[in-house]
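Colleague: Coordinates in my_file_35.cif, mmCIF, C-alpha atoms, are listed below.
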data_target
#
loop_
_atom_site.group_PDB
_atom_site.id
_atom_site.type_symbol
_atom_site.label_atom_id
_atom_site.label_comp_id
_atom_site.auth_asym_id
_atom_site.auth_seq_id
_atom_site.Cartn_x
_atom_site.Cartn_y
_atom_site.Cartn_z
ATOM 1 C CA LEU W 1 86.867 102.578 109.020
ATOM 2 C CA GLY W 2 88.208 99.344 107.624
ATOM 3 C CA PHE W 3 87.370 97.666 110.900
ATOM 4 C CA THR W 4 83.806 99.016 110.687
ATOM 5 C CA VAL W 5 83.409 97.630 107.172
ATOM 6 C CA TYR W 6 84.842 94.294 108.314
ATOM 7 C CA ILE W 7 82.465 94.042 111.297
ATOM 8 C CA ALA W 8 79.515 95.017 109.079
ATOM 9 C CA ALA W 9 80.572 92.349 106.560
ATOM 10 C CA LEU W 10 80.709 89.736 109.304
ATOM 11 C CA GLY W 11 77.285 90.736 110.636
ATOM 12 C CA LEU W 12 75.769 90.699 107.184
ATOM 13 C CA GLY W 13 77.586 87.426 106.534
ATOM 14 C CA GLN W 14 75.642 85.778 109.339
ATOM 15 C CA ALA W 15 72.333 86.800 107.768
ATOM 16 C CA VAL W 16 73.557 85.691 104.325
ATOM 17 C CA LEU W 17 74.656 82.333 105.765
ATOM 18 C CA GLU W 18 71.183 81.777 107.269
ATOM 19 C CA TYR W 19 69.613 82.694 103.909
ATOM 20 C CA MET W 20 71.965 80.314 102.082
ATOM 21 C CA ILE W 21 71.129 77.459 104.470
ATOM 22 C CA GLN W 22 67.385 78.018 104.018
ATOM 23 C CA ASN W 23 67.612 78.277 100.193
ATOM 24 C CA GLN W 24 70.312 75.716 99.367
ATOM 25 C CA GLY W 25 68.620 74.378 96.241
ATOM 26 C CA ALA W 26 67.752 77.765 94.743
ATOM 27 C CA LEU W 27 71.193 79.375 95.055
ATOM 28 C CA ASN W 28 73.968 78.964 92.520
ATOM 29 C CA ASN W 29 77.158 80.959 91.872
ATOM 30 C CA ASP W 30 75.338 83.315 89.489
ATOM 31 C CA HIS W 31 72.714 84.304 92.052
ATOM 32 C CA GLN W 32 72.953 87.981 93.106
ATOM 33 C CA VAL W 33 73.284 87.112 96.788
ATOM 34 C CA MET W 34 76.249 84.849 96.066
ATOM 35 C CA GLU W 35 77.778 87.285 93.588
ATOM 36 C CA MET W 36 77.736 90.283 95.968
ATOM 37 C CA TYR W 37 77.675 88.674 99.419
ATOM 38 C CA GLY W 38 79.069 85.144 98.975
ATOM 39 C CA SER W 39 82.085 85.618 101.279
ATOM 40 C CA PRO W 40 83.342 88.245 103.727
ATOM 41 C CA TRP W 41 85.898 89.521 101.194
ATOM 42 C CA ILE W 42 83.292 89.830 98.452
ATOM 43 C CA MET W 43 81.041 91.676 100.917
ATOM 44 C CA MET W 44 83.843 94.085 101.791
ATOM 45 C CA VAL W 45 84.455 94.766 98.076
ATOM 46 C CA THR W 46 80.713 95.362 97.658
ATOM 47 C CA PHE W 47 80.782 97.784 100.622
ATOM 48 C CA LEU W 48 83.831 99.539 99.173
ATOM 49 C CA ALA W 49 82.070 99.889 95.816
ATOM 50 C CA ALA W 50 79.059 101.382 97.601
ATOM 51 C CA CYS W 51 81.263 103.834 99.543
ATOM 52 C CA VAL W 52 83.288 105.142 96.614
ATOM 53 C CA GLY W 53 80.434 105.238 94.119
ATOM 54 C CA GLY W 54 81.572 102.250 92.065
ATOM 55 C CA ALA W 55 78.195 100.558 92.331
ATOM 56 C CA ASP W 56 74.601 101.703 92.391
ATOM 57 C CA TRP W 57 73.057 101.392 95.839
ATOM 58 C CA ILE W 58 69.756 100.129 94.424
ATOM 59 C CA ALA W 59 71.553 97.205 92.759
ATOM 60 C CA ILE W 60 73.513 96.489 95.940
ATOM 61 C CA LEU W 61 70.422 96.660 98.159
ATOM 62 C CA ARG W 62 68.263 94.383 95.961
ATOM 63 C CA PRO W 63 69.897 91.093 97.137
ATOM 64 C CA ILE W 64 69.949 92.336 100.750
ATOM 65 C CA ARG W 65 66.226 93.062 100.573
ATOM 66 C CA ALA W 66 65.680 89.456 99.413
ATOM 67 C CA ILE W 67 67.406 88.272 102.590
ATOM 68 C CA SER W 68 65.664 90.614 105.051
ATOM 69 C CA ASP W 69 64.070 94.052 104.922
ATOM 70 C CA LEU W 70 65.696 94.825 108.274
ATOM 71 C CA LEU W 71 69.175 94.672 106.700
ATOM 72 C CA VAL W 72 68.500 97.600 104.344
ATOM 73 C CA PRO W 73 68.475 100.357 107.007
ATOM 74 C CA ILE W 74 71.441 98.720 108.752
ATOM 75 C CA PHE W 75 73.372 98.728 105.479
ATOM 76 C CA ILE W 76 72.491 102.393 104.882
ATOM 77 C CA VAL W 77 73.551 103.402 108.407
ATOM 78 C CA VAL W 78 76.882 101.597 108.048
ATOM 79 C CA MET W 79 77.527 103.160 104.629
ATOM 80 C CA VAL W 80 76.662 106.660 105.844
ATOM 81 C CA PHE W 81 78.930 106.175 108.871
ATOM 82 C CA VAL W 82 81.801 104.983 106.676
ATOM 83 C CA ILE W 83 81.350 107.727 104.065
ATOM 84 C CA PHE W 84 81.155 110.558 106.617
ATOM 85 C CA GLY W 85 83.976 109.015 108.645
ATOM 86 C CA LEU W 86 86.130 108.839 105.537
ATOM 87 C CA ALA W 87 85.249 112.424 104.571
ATOM 88 C CA ASN W 88 86.065 113.572 108.104
ATOM 89 C CA LEU W 89 89.378 111.711 108.038
ATOM 90 C CA LEU W 90 90.360 113.223 104.683
ATOM 91 C CA THR W 91 89.382 116.700 105.849
ATOM 92 C CA THR W 92 91.467 116.266 108.997
ATOM 93 C CA VAL W 93 94.514 115.085 107.059
ATOM 94 C CA LEU W 94 94.273 117.922 104.552
ATOM 95 C CA THR W 95 93.726 120.554 107.243
ATOM 96 C CA ASP W 96 96.679 119.255 109.244
ATOM 97 C CA SER W 97 98.870 119.353 106.151
ATOM 98 C CA VAL W 98 97.864 122.933 105.336
ATOM 99 C CA LEU W 99 98.485 124.069 108.926
ATOM 100 C CA ARG W 100 101.886 122.380 109.007
ATOM 101 C CA ASP W 101 102.871 123.971 105.677
ATOM 102 C CA SER W 102 101.737 127.410 106.821
ATOM 103 C CA ARG W 103 103.789 127.105 110.027
ATOM 104 C CA THR W 104 106.835 126.051 108.024
ATOM 105 C CA ASN W 105 106.389 128.952 105.613
ATOM 106 C CA GLU W 106 105.935 131.386 108.501
ATOM 107 C CA ARG W 107 109.125 130.156 110.185
ATOM 108 C CA HIS W 108 111.018 130.427 106.914
ATOM 109 C CA PHE W 109 109.753 133.969 106.337
ATOM 110 C CA MET W 110 110.674 134.999 109.898
ATOM 111 C CA SER W 111 114.154 133.535 109.428
ATOM 112 C CA LEU W 112 114.638 135.492 106.217
ATOM 113 C CA ARG W 113 113.493 138.734 107.855
ATOM 114 C CA TRP W 114 115.822 138.142 110.798
ATOM 115 C CA ARG W 115 118.794 137.561 108.466
ATOM 116 C CA GLU W 116 117.875 140.690 106.496
ATOM 117 C CA ARG W 117 117.764 142.789 109.654
ATOM 118 C CA GLN W 118 121.016 141.294 110.891
ATOM 119 C CA SER W 119 122.761 142.088 107.592
ATOM 120 C CA ALA W 120 121.467 145.689 107.695
ATOM 121 C CA ILE W 121 122.657 146.086 111.285
ATOM 122 C CA ASN W 122 126.050 144.588 110.423
ATOM 123 C CA ARG W 123 126.393 146.919 107.425
ATOM 124 C CA LEU W 124 125.534 149.917 109.591
ATOM 125 C CA ARG W 125 128.067 148.807 112.218
ATOM 126 C CA GLN W 126 130.723 148.461 109.548
ATOM 127 C CA LEU W 127 130.018 151.901 108.124
ATOM 128 C CA LEU W 128 129.929 153.531 111.546
ATOM 129 C CA SER W 129 133.156 151.854 112.611
ATOM 130 C CA GLU W 130 135.033 154.046 110.123
ATOM 131 C CA PRO W 131 134.365 157.398 111.803
ATOM 132 C CA GLY W 132 136.421 159.742 109.698
ATOM 133 C CA ARG W 133 135.447 158.415 106.337
ATOM 134 C CA HIS W 134 131.656 158.966 106.232
ATOM 135 C CA PHE W 135 131.222 161.974 108.476
ATOM 136 C CA GLN W 136 131.893 165.600 107.599
ATOM 137 C CA ASP W 137 131.154 168.342 110.056
ATOM 138 C CA GLY W 138 128.962 166.003 112.178
ATOM 139 C CA LEU W 139 126.702 165.020 109.242
ATOM 140 C CA VAL W 140 126.323 161.584 107.660
ATOM 141 C CA ASP W 141 127.608 161.226 104.091
ATOM 142 C CA ARG W 142 125.099 160.424 101.331
ATOM 143 C CA GLN W 143 126.806 157.068 100.668
ATOM 144 C CA ILE W 144 125.994 155.801 104.150
ATOM 145 C CA ALA W 145 122.442 157.156 104.074
ATOM 146 C CA SER W 146 121.521 155.347 100.884
#
Could I get this structure in the form of structure tokens?
Modeller:
Amino acid sequence: LGFTVYIAALGLGQAVLEYMIQNQGALNNDHQVMEMYGSPWIMMVTFLAACVGGADWIAILRPIRAISDLLVPIFIVVMVFVIFGLANLLTTVLTDSVLRDSRTNERHFMSLRWRERQSAINRLRQLLSEPGRHFQDGLVDRQIAS
């Protein structure tokens, strides 16, 4: 996703550079195009702000529209791709984490049940290994049954 934002910033940077060359006298550092799209890093921060909701899309699109109306749908497509890609990535990470935790919990539970069964079997073996103590007339004593 970072690579997508970087490539989009470079592509938009070419259009911004052409706009800056054509309007050299009218642009200063306070101009919206320079403020939001003056360098690739500034463009990437602008894209990040658009993706995470830190900036209003109308305000971000206004300088782009001054450059070219064709850039607006391209910007929207890139942003939608990045936002849905990021949402998909987060969903995948969270789902994988939940599945891994559930497998770990299941293994732990199975291990506990196995130990419990083994201890019950070992207790029964121990009690049955003393034949004269817990049997009277062929019946099992109450102590062993409980």
Colleague: Could you tell me which residues the PyMOL selection byres ((chain W and resi 13) around 9) grabs in this file, written as a VMD selection string?
Modeller: chain W and resid 8 to 12 14 to 18 37 to 40 43
Colleague: How would the residues just picked look written out with C-alpha atoms as a compact mmCIF listing (two decimals), in the coordinates of the input?
Modeller:
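To be explicit, this is the file written out as result-v1.txt:
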# COMPACT_ATOMS: atom_id res chain seq x y z
CA ALA W 8 79.52 95.02 109.08
CA ALA W 9 80.57 92.35 106.56
CA LEU W 10 80.71 89.74 109.30
CA GLY W 11 77.28 90.74 110.64
CA LEU W 12 75.77 90.70 107.18
CA GLN W 14 75.64 85.78 109.34
CA ALA W 15 72.33 86.80 107.77
CA VAL W 16 73.56 85.69 104.32
CA LEU W 17 74.66 82.33 105.76
CA GLU W 18 71.18 81.78 107.27
CA TYR W 37 77.68 88.67 99.42
CA GLY W 38 79.07 85.14 98.98
CA SER W 39 82.08 85.62 101.28
CA PRO W 40 83.34 88.24 103.73
CA MET W 43 81.04 91.68 100.92
Colleague: Point out the residue among W:Ile67, W:Ile7, W:Gly54, W:Asp101 with the least atom-to-atom distance to Gln22 in chain W, counting all atoms listed in the file.
Modeller: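 Of W:Ile67, W:Ile7, W:Gly54, W:Asp101, the one nearest Gln22 in chain W, counting all atoms listed in the file, is W:Ile67.
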Colleague: What is the CA of Arg107 in chain W to CA of Leu124 in chain W distance in Å?
Modeller: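 Result for CA of Arg107 in chain W versus CA of Leu124 in chain W: 25.7 Å, one decimal.
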Colleague: Go through W:Asn88, W:Gln118, W:Thr95, W:Gln32 and flag the residue nearest Leu61 in chain W, using only C-alpha atoms for the distances.
Modeller: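 Of W:Asn88, W:Gln118, W:Thr95, W:Gln32, the one nearest Leu61 in chain W is W:Gln32, counting only C-alpha atoms.
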Colleague: Pick from W:Val5, W:Glu106, W:Ala87, W:Arg125: nearest to Ile42 in chain W, with only C-alpha atoms counted?
Modeller: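 Nearest candidate to Ile42 in chain W out of W:Val5, W:Glu106, W:Ala87, W:Arg125: W:Val5.
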Colleague: Figure out the distance between CA of Phe109 in chain W and CA of Asn122 in chain W, please, to one decimal in Å.
Modeller: 19.9 Å
Colleague: If you measure from CA of Arg117 in chain W to CA of Ser129 in chain W, what distance in Å do you get, rounded to one decimal?
Modeller: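 So the answer is 18.1 Å.
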Colleague: On this structure, which residues satisfy the PyMOL selection byres ((chain W and resi 47) around 10), written as a list of chain:residue names?
Modeller: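 That selection, the PyMOL selection byres ((chain W and resi 47) around 10), comes back as W:Val5, W:Tyr6, W:Ala8, W:Ala9, W:Met36, W:Tyr37, W:Trp41, W:Ile42, W:Met43, W:Met44, W:Val45, W:Thr46, W:Leu48, W:Ala49, W:Ala50, W:Cys51, W:Val52, W:Gly53, W:Gly54, W:Ala55, W:Trp57, W:Ile60, W:Phe75, W:Val78, W:Met79, W:Val82.
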Colleague: Given the choices W:Thr4, W:Ala66, W:Val77, W:Val98, which gets closest to Met20 in chain W if the distance is worked out from all atoms listed in the file?
Modeller: W:Ala66
Colleague: Edge lengths and centre, in Å to one decimal, as AutoDock Vina command-line options: that's what I need for the box along x, y and z that holds all listed atoms of range 80-86 of chain W plus 5 Å on each side.
Modeller:
--center_x 81.4 --center_y 107.8 --center_z 106.5 --size_x 19.5 --size_y 15.6 --size_z 14.8
Colleague: Would you kindly place all heavy atoms on range 64-75 of chain W and return the model as an mmCIF file, in the coordinates of the input?
Modeller:
data_model
loop_
_atom_site.group_PDB
_atom_site.id
_atom_site.type_symbol
_atom_site.label_atom_id
_atom_site.label_comp_id
_atom_site.auth_asym_id
_atom_site.auth_seq_id
_atom_site.Cartn_x
_atom_site.Cartn_y
_atom_site.Cartn_z
ATOM 1 N N ILE W 64 70.109 92.231 99.299
ATOM 2 C CA ILE W 64 69.949 92.336 100.750
ATOM 3 C C ILE W 64 68.464 92.326 101.122
ATOM 4 O O ILE W 64 68.061 91.706 102.101
ATOM 5 C CB ILE W 64 70.638 93.604 101.290
ATOM 6 C CG1 ILE W 64 72.147 93.482 101.149
ATOM 7 C CG2 ILE W 64 70.277 93.852 102.742
ATOM 8 C CD1 ILE W 64 72.901 94.715 101.579
ATOM 9 N N ARG W 65 67.668 93.019 100.321
ATOM 10 C CA ARG W 65 66.226 93.062 100.573
ATOM 11 C C ARG W 65 65.612 91.668 100.436
ATOM 12 O O ARG W 65 64.655 91.335 101.134
ATOM 13 C CB ARG W 65 65.555 94.044 99.607
ATOM 14 C CG ARG W 65 64.200 94.485 100.099
ATOM 15 C CD ARG W 65 63.562 95.575 99.254
ATOM 16 N NE ARG W 65 64.474 96.665 98.971
ATOM 17 C CZ ARG W 65 64.743 97.113 97.742
ATOM 18 N NH1 ARG W 65 64.168 96.563 96.697
ATOM 19 N NH2 ARG W 65 65.580 98.103 97.552
ATOM 20 N N ALA W 66 66.178 90.831 99.550
ATOM 21 C CA ALA W 66 65.680 89.456 99.413
ATOM 22 C C ALA W 66 65.969 88.641 100.670
ATOM 23 O O ALA W 66 65.221 87.731 101.016
ATOM 24 C CB ALA W 66 66.316 88.789 98.195
ATOM 25 N N ILE W 67 67.049 88.986 101.357
ATOM 26 C CA ILE W 67 67.406 88.272 102.590
ATOM 27 C C ILE W 67 66.512 88.733 103.733
ATOM 28 O O ILE W 67 65.875 87.931 104.401
ATOM 29 C CB ILE W 67 68.891 88.495 102.931
ATOM 30 C CG1 ILE W 67 69.769 87.901 101.830
ATOM 31 C CG2 ILE W 67 69.239 87.904 104.275
ATOM 32 C CD1 ILE W 67 71.229 88.242 101.945
ATOM 33 N N SER W 68 66.477 90.066 103.973
ATOM 34 C CA SER W 68 65.664 90.614 105.051
ATOM 35 C C SER W 68 65.512 92.118 104.843
ATOM 36 O O SER W 68 66.492 92.803 104.540
ATOM 37 C CB SER W 68 66.319 90.344 106.406
ATOM 38 O OG SER W 68 65.634 91.030 107.418
ATOM 39 N N ASP W 69 64.301 92.611 105.045
ATOM 40 C CA ASP W 69 64.070 94.052 104.922
ATOM 41 C C ASP W 69 64.749 94.833 106.040
ATOM 42 O O ASP W 69 65.038 96.015 105.897
ATOM 43 C CB ASP W 69 62.563 94.348 104.939
ATOM 44 C CG ASP W 69 61.890 93.934 103.634
ATOM 45 O OD1 ASP W 69 62.585 93.924 102.602
ATOM 46 O OD2 ASP W 69 60.685 93.630 103.664
ATOM 47 N N LEU W 70 65.031 94.177 107.152
ATOM 48 C CA LEU W 70 65.696 94.825 108.274
ATOM 49 C C LEU W 70 67.153 95.165 107.950
ATOM 50 O O LEU W 70 67.719 96.113 108.499
ATOM 51 C CB LEU W 70 65.624 93.923 109.507
ATOM 52 C CG LEU W 70 66.250 94.460 110.787
ATOM 53 C CD1 LEU W 70 65.505 95.720 111.237
ATOM 54 C CD2 LEU W 70 66.235 93.409 111.863
ATOM 55 N N LEU W 71 67.772 94.438 107.036
ATOM 56 C CA LEU W 71 69.175 94.672 106.700
ATOM 57 C C LEU W 71 69.387 95.942 105.880
ATOM 58 O O LEU W 71 70.484 96.497 105.878
ATOM 59 C CB LEU W 71 69.743 93.463 105.942
ATOM 60 C CG LEU W 71 69.861 92.182 106.738
ATOM 61 C CD1 LEU W 71 70.341 91.042 105.848
ATOM 62 C CD2 LEU W 71 70.799 92.359 107.913
ATOM 63 N N VAL W 72 68.355 96.407 105.188
ATOM 64 C CA VAL W 72 68.500 97.600 104.344
ATOM 65 C C VAL W 72 68.842 98.838 105.175
ATOM 66 O O VAL W 72 69.833 99.520 104.875
ATOM 67 C CB VAL W 72 67.240 97.817 103.476
ATOM 68 C CG1 VAL W 72 67.317 99.134 102.719
ATOM 69 C CG2 VAL W 72 67.067 96.655 102.506
ATOM 70 N N PRO W 73 68.084 99.179 106.226
ATOM 71 C CA PRO W 73 68.475 100.357 107.007
ATOM 72 C C PRO W 73 69.823 100.186 107.722
ATOM 73 O O PRO W 73 70.579 101.151 107.866
ATOM 74 C CB PRO W 73 67.354 100.553 108.018
ATOM 75 C CG PRO W 73 66.454 99.407 107.900
ATOM 76 C CD PRO W 73 66.808 98.639 106.679
ATOM 77 N N ILE W 74 70.137 98.959 108.119
ATOM 78 C CA ILE W 74 71.441 98.720 108.752
ATOM 79 C C ILE W 74 72.564 98.985 107.755
ATOM 80 O O ILE W 74 73.564 99.644 108.074
ATOM 81 C CB ILE W 74 71.512 97.282 109.322
ATOM 82 C CG1 ILE W 74 70.524 97.130 110.468
ATOM 83 C CG2 ILE W 74 72.928 96.939 109.757
ATOM 84 C CD1 ILE W 74 70.359 95.717 110.961
ATOM 85 N N PHE W 75 72.391 98.491 106.539
ATOM 86 C CA PHE W 75 73.372 98.728 105.479
ATOM 87 C C PHE W 75 73.540 100.224 105.229
ATOM 88 O O PHE W 75 74.660 100.725 105.130
ATOM 89 C CB PHE W 75 72.939 98.011 104.195
ATOM 90 C CG PHE W 75 73.838 98.255 103.029
ATOM 91 C CD1 PHE W 75 74.968 97.480 102.842
ATOM 92 C CD2 PHE W 75 73.560 99.262 102.116
ATOM 93 C CE1 PHE W 75 75.805 97.689 101.764
ATOM 94 C CE2 PHE W 75 74.394 99.490 101.038
ATOM 95 C CZ PHE W 75 75.516 98.696 100.852
#
